[in-house]
Every structure is written in C-alpha cells, then in structure tokens.
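So this block is protein_4.cif, mmCIF, C-alpha atoms:
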```cif
data_input
#
loop_
_atom_site.label_atom_id
_atom_site.label_comp_id
_atom_site.auth_asym_id
_atom_site.auth_seq_id
_atom_site.Cartn_x
_atom_site.Cartn_y
_atom_site.Cartn_z
CA MET A 1 68.10 -14.33 -26.60
CA PRO A 2 67.33 -14.89 -22.85
CA LYS A 3 65.51 -12.24 -20.89
CA ALA A 4 67.84 -9.56 -19.53
CA ALA A 5 67.26 -10.41 -15.89
CA ASP A 6 70.65 -9.01 -14.94
CA ILE A 7 72.16 -11.66 -12.64
CA GLY A 8 68.85 -13.32 -11.72
CA SER A 9 67.87 -10.57 -9.28
CA LYS A 10 64.55 -12.14 -8.27
CA ARG A 11 66.19 -15.52 -7.67
CA LEU A 12 68.93 -14.01 -5.52
CA ILE A 13 66.68 -11.84 -3.38
CA SER A 14 64.24 -14.70 -2.80
CA LEU A 15 67.01 -16.67 -1.05
CA ALA A 16 66.71 -14.54 2.10
CA PRO A 17 64.12 -11.78 1.60
CA ASP A 18 63.87 -10.74 5.27
CA ALA A 19 67.63 -10.27 5.59
CA TRP A 20 67.61 -8.41 2.27
CA VAL A 21 64.93 -5.85 3.22
CA LYS A 22 66.58 -5.19 6.57
CA TRP A 23 69.88 -4.58 4.80
CA VAL A 24 68.65 -2.25 2.05
CA THR A 25 66.46 -0.18 4.42
CA GLN A 26 68.79 -0.34 7.44
CA ARG A 27 65.73 -0.96 9.63
CA SER A 28 65.68 -3.99 11.92
CA ASN A 29 61.88 -4.19 12.20
CA VAL A 30 61.17 -4.42 8.46
CA VAL A 31 59.98 -7.80 7.18
CA ALA A 32 59.42 -9.02 3.64
CA ARG A 33 55.86 -9.98 2.77
CA ARG A 34 56.14 -11.17 -0.82
CA ILE A 35 57.80 -10.58 -4.17
CA VAL A 36 55.24 -8.90 -6.40
CA ALA A 37 55.06 -8.79 -10.18
CA SER A 38 56.97 -5.78 -11.48
CA GLU A 39 56.34 -5.93 -15.22
CA PHE A 40 54.50 -2.82 -16.33
CA GLN A 41 52.18 -2.93 -19.30
CA TRP A 42 53.58 0.14 -21.00
CA ILE A 43 57.24 -0.33 -20.25
CA SER A 44 59.28 -3.36 -21.33
CA ARG A 45 60.87 -4.14 -18.01
CA ASP A 46 61.67 -7.34 -16.17
CA THR A 47 64.99 -6.71 -14.46
CA ASP A 48 63.80 -4.93 -11.32
CA VAL A 49 62.44 -6.71 -8.25
CA LEU A 50 59.51 -5.37 -6.26
CA LEU A 51 59.14 -6.55 -2.69
CA GLU A 52 56.15 -5.82 -0.53
CA ALA A 53 57.46 -5.11 2.95
CA TYR A 54 56.01 -4.20 6.32
CA ASP A 55 57.29 -1.93 9.06
CA PRO A 56 55.35 -1.47 12.33
CA GLU A 57 55.89 2.30 12.16
CA ILE A 58 54.96 2.96 8.52
CA GLY A 59 52.85 -0.05 7.54
CA LYS A 60 52.97 -1.70 4.12
CA PHE A 61 55.26 -0.32 1.42
CA LEU A 62 57.16 -1.46 -1.66
CA ILE A 63 60.91 -1.82 -2.02
CA LEU A 64 62.03 -1.42 -5.61
CA ASN A 65 65.36 -3.20 -6.07
CA GLU A 66 67.39 -2.47 -9.18
CA LEU A 67 70.67 -4.41 -9.53
CA GLN A 68 73.01 -3.05 -12.18
CA LEU A 69 76.24 -4.67 -13.29
CA ARG A 70 77.58 -1.22 -14.20
CA TYR A 71 76.07 2.18 -13.50
CA THR A 72 74.93 4.18 -16.53
CA ALA A 73 73.81 7.78 -16.92
CA GLN A 74 70.26 6.59 -17.73
CA MET A 75 69.67 5.14 -14.27
CA PRO A 76 68.31 8.26 -12.50
CA ARG A 77 65.58 8.66 -15.12
CA ARG A 78 64.77 4.96 -14.97
CA MET A 79 64.54 4.94 -11.19
CA ARG A 80 62.10 7.82 -11.36
CA ALA A 81 59.95 6.03 -13.95
CA TYR A 82 59.94 2.64 -12.20
CA ALA A 83 59.16 4.09 -8.78
CA ALA A 84 56.26 6.14 -10.14
CA LEU A 85 54.83 3.23 -12.12
CA ALA A 86 55.05 0.89 -9.11
CA GLU A 87 53.31 3.40 -6.85
CA GLU A 88 50.56 3.97 -9.41
CA ARG A 89 49.95 0.27 -10.02
CA TYR A 90 49.97 -0.96 -6.43
CA ASN A 91 48.87 2.20 -4.58
CA LEU A 92 51.63 1.86 -2.01
CA PRO A 93 54.59 4.10 -1.14
CA VAL A 94 57.83 3.02 -2.81
CA TYR A 95 61.37 2.87 -1.44
CA PRO A 96 63.65 2.69 -4.52
CA VAL A 97 67.11 1.13 -4.18
CA LEU A 98 69.84 1.06 -6.85
CA ILE A 99 72.55 -1.56 -6.24
CA ASN A 100 75.66 -1.08 -8.40
CA ILE A 101 77.87 -4.15 -8.64
CA LEU A 102 81.10 -3.20 -10.43
CA GLN A 103 82.98 0.00 -9.69
CA PRO A 104 83.05 2.45 -12.63
CA SER A 105 85.95 4.64 -13.67
CA PRO A 106 86.85 7.53 -11.33
CA THR A 107 85.33 10.07 -13.74
CA VAL A 108 81.83 8.57 -13.43
CA VAL A 109 79.58 10.40 -10.98
CA ILE A 110 76.83 8.21 -9.52
CA ALA A 111 73.70 10.27 -8.96
CA THR A 112 71.47 9.64 -5.95
CA ALA A 113 68.41 11.41 -7.34
CA TYR A 114 66.67 12.41 -10.55
CA GLU A 115 65.94 16.11 -10.94
CA SER A 116 64.41 18.12 -13.76
CA GLU A 117 62.69 21.50 -14.12
CA VAL A 118 60.41 22.88 -16.81
CA LEU A 119 58.88 26.37 -16.64
CA GLY A 120 59.43 26.54 -12.90
CA LEU A 121 57.94 23.10 -12.20
CA ARG A 122 60.43 20.79 -10.56
CA ALA A 123 60.48 16.98 -10.50
CA LEU A 124 62.52 15.13 -7.89
CA GLN A 125 62.96 11.40 -7.30
CA GLN A 126 65.36 10.32 -4.62
CA TYR A 127 66.56 6.75 -4.24
CA ARG A 128 69.06 4.90 -2.12
CA VAL A 129 72.32 3.95 -3.80
CA ILE A 130 74.31 0.94 -2.61
CA ASN A 131 77.72 0.48 -4.22
CA LEU A 132 78.85 -3.06 -3.52
CA TRP A 133 82.54 -2.17 -3.66
CA GLU A 134 81.94 0.02 -0.59
CA ILE A 135 80.28 -2.78 1.42
CA ASP A 136 82.60 -4.77 3.67
CA ALA A 137 82.52 -8.47 2.84
CA GLN A 138 82.31 -9.44 6.50
CA ILE A 139 78.83 -7.90 6.70
CA VAL A 140 77.58 -10.62 4.35
CA PHE A 141 78.76 -13.33 6.73
CA GLU A 142 77.69 -11.55 9.92
CA GLN A 143 74.19 -10.68 8.71
CA GLN A 144 73.72 -13.93 6.76
CA LEU A 145 73.02 -12.08 3.53
CA LYS A 146 72.87 -15.16 1.31
CA SER A 147 71.84 -13.06 -1.69
CA LEU A 148 75.22 -11.29 -1.63
CA LEU A 149 77.46 -14.35 -1.33
CA PRO A 150 78.16 -14.52 -5.10
CA PHE A 151 79.37 -10.90 -5.01
CA ILE A 152 81.90 -11.43 -2.20
CA PRO A 153 84.97 -11.05 -4.49
CA VAL A 154 83.98 -7.52 -5.59
CA LEU A 155 83.02 -6.34 -2.10
CA LYS A 156 85.40 -4.36 0.09
CA ASN A 157 88.09 -6.70 1.47
CA GLY A 158 86.40 -9.57 -0.35
CA GLY A 159 89.03 -10.21 -3.00
CA GLU A 160 91.33 -12.20 -0.74
CA GLU A 161 91.66 -15.93 -1.36
CA ALA A 162 90.61 -16.88 2.18
CA VAL A 163 87.45 -14.78 1.99
CA VAL A 164 86.47 -16.24 -1.39
CA ARG A 165 87.04 -19.77 -0.05
CA GLN A 166 84.79 -18.98 2.92
CA ALA A 167 82.04 -17.86 0.54
CA VAL A 168 82.42 -21.02 -1.56
CA GLN A 169 82.13 -23.22 1.54
CA LEU A 170 78.90 -21.48 2.57
CA LEU A 171 77.42 -21.94 -0.88
CA ARG A 172 78.22 -25.65 -0.78
CA THR A 173 76.59 -26.19 2.61
CA ASP A 174 73.19 -25.31 1.17
CA GLU A 175 71.83 -27.17 -1.84
CA GLN A 176 69.72 -24.14 -2.72
CA LEU A 177 72.84 -21.97 -2.92
CA SER A 178 75.16 -24.36 -4.75
CA GLU A 179 73.81 -23.24 -8.15
CA LEU A 180 75.34 -19.82 -7.48
CA GLU A 181 78.94 -21.10 -7.68
CA PRO A 182 79.41 -20.06 -11.34
CA LEU A 183 78.28 -16.54 -10.45
CA LEU A 184 80.78 -16.38 -7.59
CA ALA A 185 83.47 -17.71 -9.92
CA PHE A 186 82.68 -15.01 -12.46
CA PHE A 187 83.21 -12.20 -9.96
CA ALA A 188 86.25 -13.94 -8.47
CA SER A 189 87.84 -13.80 -11.93
CA PHE A 190 87.88 -9.99 -11.60
CA VAL A 191 90.25 -10.09 -8.63
CA LEU A 192 92.01 -13.47 -8.73
CA SER A 193 93.85 -15.36 -11.45
CA SER A 194 91.89 -17.92 -13.45
CA ARG A 195 94.18 -20.65 -12.20
CA LEU A 196 93.52 -19.75 -8.57
CA VAL A 197 89.78 -19.56 -9.19
CA GLN A 198 89.95 -23.05 -10.68
CA GLN A 199 91.78 -24.32 -7.60
CA ILE A 200 89.25 -22.76 -5.24
CA MET A 201 86.22 -24.00 -7.17
CA ARG A 202 87.81 -27.36 -8.05
CA TRP A 203 86.17 -27.52 -11.44
CA ASP A 204 86.98 -26.58 -15.02
CA MET A 205 86.41 -22.93 -15.98
CA ALA A 206 84.53 -24.24 -19.02
CA VAL A 207 81.65 -24.77 -16.58
CA LEU A 208 81.60 -21.03 -16.02
CA LEU A 209 81.67 -20.19 -19.71
CA GLU A 210 78.70 -22.47 -20.35
CA SER A 211 76.72 -21.22 -17.37
CA PRO A 212 73.49 -19.30 -18.08
CA TRP A 213 74.48 -16.94 -15.24
CA TYR A 214 77.66 -16.04 -17.09
CA GLN A 215 75.86 -15.62 -20.41
CA GLU A 216 73.28 -13.30 -18.86
CA ILE A 217 75.99 -11.14 -17.32
CA LEU A 218 77.95 -11.11 -20.55
CA ASN A 219 74.89 -10.06 -22.56
CA LYS A 220 73.91 -7.42 -20.03
CA GLY A 221 77.41 -5.94 -19.97
CA LEU A 222 77.45 -5.80 -23.77
CA GLN A 223 74.01 -4.21 -23.81
CA GLN A 224 75.03 -1.46 -21.39
CA GLY A 225 78.21 -0.77 -23.34
CA LEU A 226 76.20 -0.34 -26.55
CA LEU A 227 73.73 1.97 -24.81
CA SER A 228 76.58 4.17 -23.57
CA ALA A 229 78.02 4.38 -27.10
CA ILE A 230 74.59 5.24 -28.55
CA GLU A 231 74.02 7.93 -25.94
CA LEU A 232 77.36 9.54 -26.73
CA GLY A 233 76.69 9.36 -30.47
CA LEU A 234 73.25 10.93 -30.12
CA GLU A 235 74.62 13.77 -28.01
CA LEU A 236 77.49 14.51 -30.39
CA LYS A 237 75.35 14.38 -33.52
CA PHE A 238 71.99 15.76 -32.43
CA GLY A 239 72.54 17.35 -29.01
CA ALA A 240 69.74 17.46 -26.43
CA GLU A 241 67.13 16.52 -29.04
CA GLY A 242 68.94 13.28 -29.75
CA LEU A 243 69.17 12.37 -26.06
CA GLU A 244 65.37 12.50 -25.86
CA LEU A 245 65.34 9.13 -27.65
CA MET A 246 67.41 7.39 -24.96
CA PRO A 247 64.47 6.39 -22.69
CA GLU A 248 62.92 4.59 -25.67
CA ILE A 249 66.16 3.04 -26.90
CA SER A 250 67.11 1.96 -23.37
CA GLN A 251 64.20 -0.47 -23.33
CA ILE A 252 65.60 -2.45 -26.28
CA GLN A 253 66.99 -5.77 -25.05
CA ASP A 254 68.23 -7.18 -28.37
CA VAL A 255 71.96 -6.46 -28.70
CA ASP A 256 71.80 -6.92 -32.48
CA VAL A 257 69.29 -4.08 -32.74
CA LEU A 258 71.47 -1.93 -30.47
CA ARG A 259 74.48 -2.65 -32.70
CA ALA A 260 72.43 -1.57 -35.73
CA ILE A 261 71.54 1.70 -34.02
CA ARG A 262 75.16 2.35 -33.08
CA GLU A 263 76.34 1.71 -36.63
CA GLY A 264 73.45 3.70 -38.09
CA LEU A 265 74.51 6.82 -36.20
CA ARG A 266 77.45 7.09 -38.57
CA THR A 267 75.31 7.57 -41.68
CA ILE A 268 71.85 8.84 -40.72
CA ASN A 269 70.92 12.47 -41.29
CA ASN A 270 68.03 12.87 -38.86
CA LEU A 271 66.30 11.20 -35.94
CA ASP A 272 63.45 9.84 -38.05
CA GLU A 273 65.98 7.72 -39.95
CA LEU A 274 67.30 6.43 -36.64
CA ARG A 275 63.81 5.49 -35.45
CA GLN A 276 63.32 3.52 -38.63
CA ILE A 277 66.30 1.31 -37.75
CA TYR A 278 64.86 -0.10 -34.56
CA ARG A 279 61.20 0.06 -35.46
CA VAL A 280 61.83 -2.00 -38.58
CA SER A 281 63.92 -4.44 -36.52
CA GLU A 282 61.12 -4.86 -33.97
CA SER A 283 58.38 -5.39 -36.55
#
```

What does the file become when written as structure tokens?
Amino acid sequence: MPKAADIGSKRLISLAPDAWVKWVTQRSNVVARRIVASEFQWISRDTDVLLEAYDPEIGKFLILNELQLRYTAQMPRRMRAYAALAEERYNLPVYPVLINILQPSPTVVIATAYESEVLGLRALQQYRVINLWEIDAQIVFEQQLKSLLPFIPVLKNGGEEAVVRQAVQLLRTDEQLSELEPLLAFFASFVLSSRLVQQIMRWDMAVLLESPWYQEILNKGLQQGLLSAIELGLELKFGAEGLELMPEISQIQDVDVLRAIREGLRTINNLDELRQIYRVSES
C-alpha cells in the first residue's frame, strides 16, 4: 500500500513555497527557507509538511502544514502532538496550520484549538484553520498560488466551468504543473458532470482512475471513514476509556487492519482483545 501522503502535500507546497507561506500566515514579509524532514521517531507520521520560514520581525520559525481531505474529530489532538514534537526536535517556534479540503456535513464542528484539563492543569494548543470551501477561487489566480490550482473546483466560486477551464490552462502552461491534471479532474468531478470534466480535460476518465493521485485520495478517504466508524464504536461500547485508544489507532495506515478493528468491535469483550487485533496484524 502506498504511503498515506494525503494528496502529495510536500510536492504541492514545493511548487511555490514563498507564495504558500505568505498565504497561510497572511504576512507579506514571510519567506520560505526550506522544507524540513517531519517524520518523528516515535510517531508514525509522514503526511504533514514542515517548512522553515523567516520573518524579519520574529526571525526563524516553523510552519506545520496539515492537509486533510476531510476533517475528523481526532485532528485537534494530532495538531497538538505534531506541533509539540516539531518544536522539541528543531528548537524553533511552530505555527500550525490545518487545511481542510472538502466541506463536512453541517453538524460537524471544526475546532480551532485543542484543550484539556486534569487536576486544574490546563493544556492549550491553538492552530490556524483554513477551510478551502471558504477561500475564493480568484485568490489562487491573483496571488499565483500554484499549490492550490488542483483544488479550484472545491473553492468558493470555483465550481463553474469557466473557472475550471482557466485552472486547466494554467496547469498546461507549466510542465512542472501538468502532472496535477488528474488531481484537478478528481475535484472537478465533485461539482461537474463526468462528461463535462472529460470535455474540459480532453482525455479519458480512465486516466484519472489509474492515477496514483486518485488512488492516494481514495485510500485516504477510506482510511478516515474507517477511523470515524471505529471512534464511534469505541465510544458506544467502552465510553471514554475506549476513546483513549484512538491516538494509537489513528496512526495505523493499513486499511485492512482498520477494517479488522471495525469488525472486531462487534464481538470483543474488552480493550485488550481489541489491542490484540492490530498488534497481531502489525507483527
């Protein structure tokens, strides 16, 4: 199974890192220095992107970028963990950013901070949330945000045929960007008919289905759906004690193991039996 790199976050951000850091921080003087390794020894994680940035007023700092196809209830806890680990490893202040791609149902509340309290001691991790469906598509063109071109169809006012065609034309003017066409086609299929997407792209949709971009998104969406089902099952069956396993289970990338956990929740009697399911699968 390929690594769960969401939609190739590092590849996308590397297309125009300076424009990206200015956009996520909303500061015109910020510049990108380099993309740094963000894989932490004690946490199986390779989907976030750490950028070292520089601002004349605050000096060097890290921007932690987390792109999520769909927001899940585990994200606040993850943002807290990733920000703390990055700060500890690189000894630099961290600016965490969560970018949500697809709009959830109206009942989903997207948190902008992680908060917890134990015996009067309070933990707080704030992070910036960017919901792409709230970002006007014209900003991508005006600010030359190449990294966001594939997402044009799901941006505000971006689902119109003319806007999608404009994005396609820009991708095709740059050889470096042309590989992103299948990704743009995937998101266009959310708002336009398949036939119209075919006309705009001028190639067979089978190209999209065979694309590694599409497969990664498909796998990631399936993974997040399984995690949501497991979280609900743990809460219903074991309450708060069961939910304590979610940080550990959330790191599992293999969808077959996640399916086994989901199915196992129907028959297990305690949490030790549940642990056995994924620990045996990983051994």

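Atom to atom, CA of Ala162 in chain A and CA of Val129 in chain A stand 28.4 Å apart.
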
Restricting the calculation to all atoms listed in the file, which member of A:Glu134, A:Glu181, A:Glu160, A:Glu87 is positioned closest to Phe61 in chain A?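 Checking each candidate against Phe61 in chain A, we get A:Glu87 as the closest.
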
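Take the candidates A:Arg70, A:Arg128, A:Arg262, A:Arg11 and check each one against Leu102 in chain A using only C-alpha atoms; the shortest distance goes to A:Arg70.
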
Set the distance at 7 Å and use only C-alpha atoms: which residues neighbour range 62-64 of chain A once local chain neighbours fewer than 6 positions away are removed? I'd like the list as an mmCIF file with C-alpha atoms, in the coordinates of the input.
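See result-v5.cif below for the written result:
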```cif
data_model
loop_
_atom_site.group_PDB
_atom_site.id
_atom_site.type_symbol
_atom_site.label_atom_id
_atom_site.label_comp_id
_atom_site.auth_asym_id
_atom_site.auth_seq_id
_atom_site.Cartn_x
_atom_site.Cartn_y
_atom_site.Cartn_z
ATOM 1 C CA ASP A 48 63.800 -4.930 -11.320
ATOM 2 C CA VAL A 49 62.440 -6.710 -8.250
ATOM 3 C CA LEU A 50 59.510 -5.370 -6.260
ATOM 4 C CA LEU A 51 59.140 -6.550 -2.690
ATOM 5 C CA GLU A 52 56.150 -5.820 -0.530
ATOM 6 C CA ALA A 53 57.460 -5.110 2.950
ATOM 7 C CA ALA A 83 59.160 4.090 -8.780
ATOM 8 C CA LEU A 92 51.630 1.860 -2.010
ATOM 9 C CA PRO A 93 54.590 4.100 -1.140
ATOM 10 C CA VAL A 94 57.830 3.020 -2.810
ATOM 11 C CA TYR A 95 61.370 2.870 -1.440
ATOM 12 C CA PRO A 96 63.650 2.690 -4.520
ATOM 13 C CA VAL A 97 67.110 1.130 -4.180
#
```

Spatial neighbours of Met79 in chain A, max dist 9 Å, all atoms listed in the file, sep filter under 3 positions, as a list of chain:residue names: A:Leu64, A:Glu66, A:Gln74, A:Met75, A:Pro76, A:Tyr82, A:Ala83, A:Ala84, A:Pro96, A:Val97, A:Leu98, A:Ala113, A:Tyr114, A:Gln125, A:Gln126, A:Tyr127

Export range 19-32 of chain A from the structure block above, keeping N, CA and C atoms, as a PDB file, in the first residue's frame.
```
ATOM      1  N   ALA A  19       4.988  31.781  -1.926  1.00  0.00           N
ATOM      2  CA  ALA A  19       3.575  32.182  -2.023  1.00  0.00           C
ATOM      3  C   ALA A  19       2.747  31.454  -0.980  1.00  0.00           C
ATOM      4  N   TRP A  20       3.099  30.180  -0.728  1.00  0.00           N
ATOM      5  CA  TRP A  20       2.356  29.372   0.243  1.00  0.00           C
ATOM      6  C   TRP A  20       2.483  29.949   1.648  1.00  0.00           C
ATOM      7  N   VAL A  21       3.709  30.241   2.091  1.00  0.00           N
ATOM      8  CA  VAL A  21       3.895  30.716   3.475  1.00  0.00           C
ATOM      9  C   VAL A  21       3.271  32.088   3.673  1.00  0.00           C
ATOM     10  N   LYS A  22       3.292  32.911   2.643  1.00  0.00           N
ATOM     11  CA  LYS A  22       2.630  34.222   2.759  1.00  0.00           C
ATOM     12  C   LYS A  22       1.127  34.043   2.898  1.00  0.00           C
ATOM     13  N   TRP A  23       0.593  33.073   2.182  1.00  0.00           N
ATOM     14  CA  TRP A  23      -0.854  32.837   2.224  1.00  0.00           C
ATOM     15  C   TRP A  23      -1.298  32.273   3.570  1.00  0.00           C
ATOM     16  N   VAL A  24      -0.628  31.254   4.075  1.00  0.00           N
ATOM     17  CA  VAL A  24      -1.085  30.615   5.311  1.00  0.00           C
ATOM     18  C   VAL A  24      -0.853  31.492   6.539  1.00  0.00           C
ATOM     19  N   THR A  25       0.150  32.390   6.487  1.00  0.00           N
ATOM     20  CA  THR A  25       0.414  33.259   7.643  1.00  0.00           C
ATOM     21  C   THR A  25      -0.238  34.626   7.499  1.00  0.00           C
ATOM     22  N   GLN A  26      -0.619  34.968   6.253  1.00  0.00           N
ATOM     23  CA  GLN A  26      -1.179  36.295   5.966  1.00  0.00           C
ATOM     24  C   GLN A  26      -0.184  37.407   6.313  1.00  0.00           C
ATOM     25  N   ARG A  27       1.102  37.119   6.085  1.00  0.00           N
ATOM     26  CA  ARG A  27       2.164  38.105   6.322  1.00  0.00           C
ATOM     27  C   ARG A  27       3.006  38.214   5.051  1.00  0.00           C
ATOM     28  N   SER A  28       3.105  39.436   4.527  1.00  0.00           N
ATOM     29  CA  SER A  28       3.764  39.643   3.237  1.00  0.00           C
ATOM     30  C   SER A  28       5.278  39.531   3.303  1.00  0.00           C
ATOM     31  N   ASN A  29       5.863  39.667   4.497  1.00  0.00           N
ATOM     32  CA  ASN A  29       7.321  39.640   4.614  1.00  0.00           C
ATOM     33  C   ASN A  29       7.886  38.254   4.891  1.00  0.00           C
ATOM     34  N   VAL A  30       7.031  37.267   5.087  1.00  0.00           N
ATOM     35  CA  VAL A  30       7.500  35.917   5.388  1.00  0.00           C
ATOM     36  C   VAL A  30       8.040  35.265   4.120  1.00  0.00           C
ATOM     37  N   VAL A  31       9.187  34.585   4.249  1.00  0.00           N
ATOM     38  CA  VAL A  31       9.740  33.838   3.122  1.00  0.00           C
ATOM     39  C   VAL A  31      10.013  32.399   3.570  1.00  0.00           C
ATOM     40  N   ALA A  32       9.927  31.486   2.630  1.00  0.00           N
ATOM     41  CA  ALA A  32      10.210  30.085   2.921  1.00  0.00           C
ATOM     42  C   ALA A  32      11.705  29.845   2.798  1.00  0.00           C
TER      43      ALA A  32
END
```
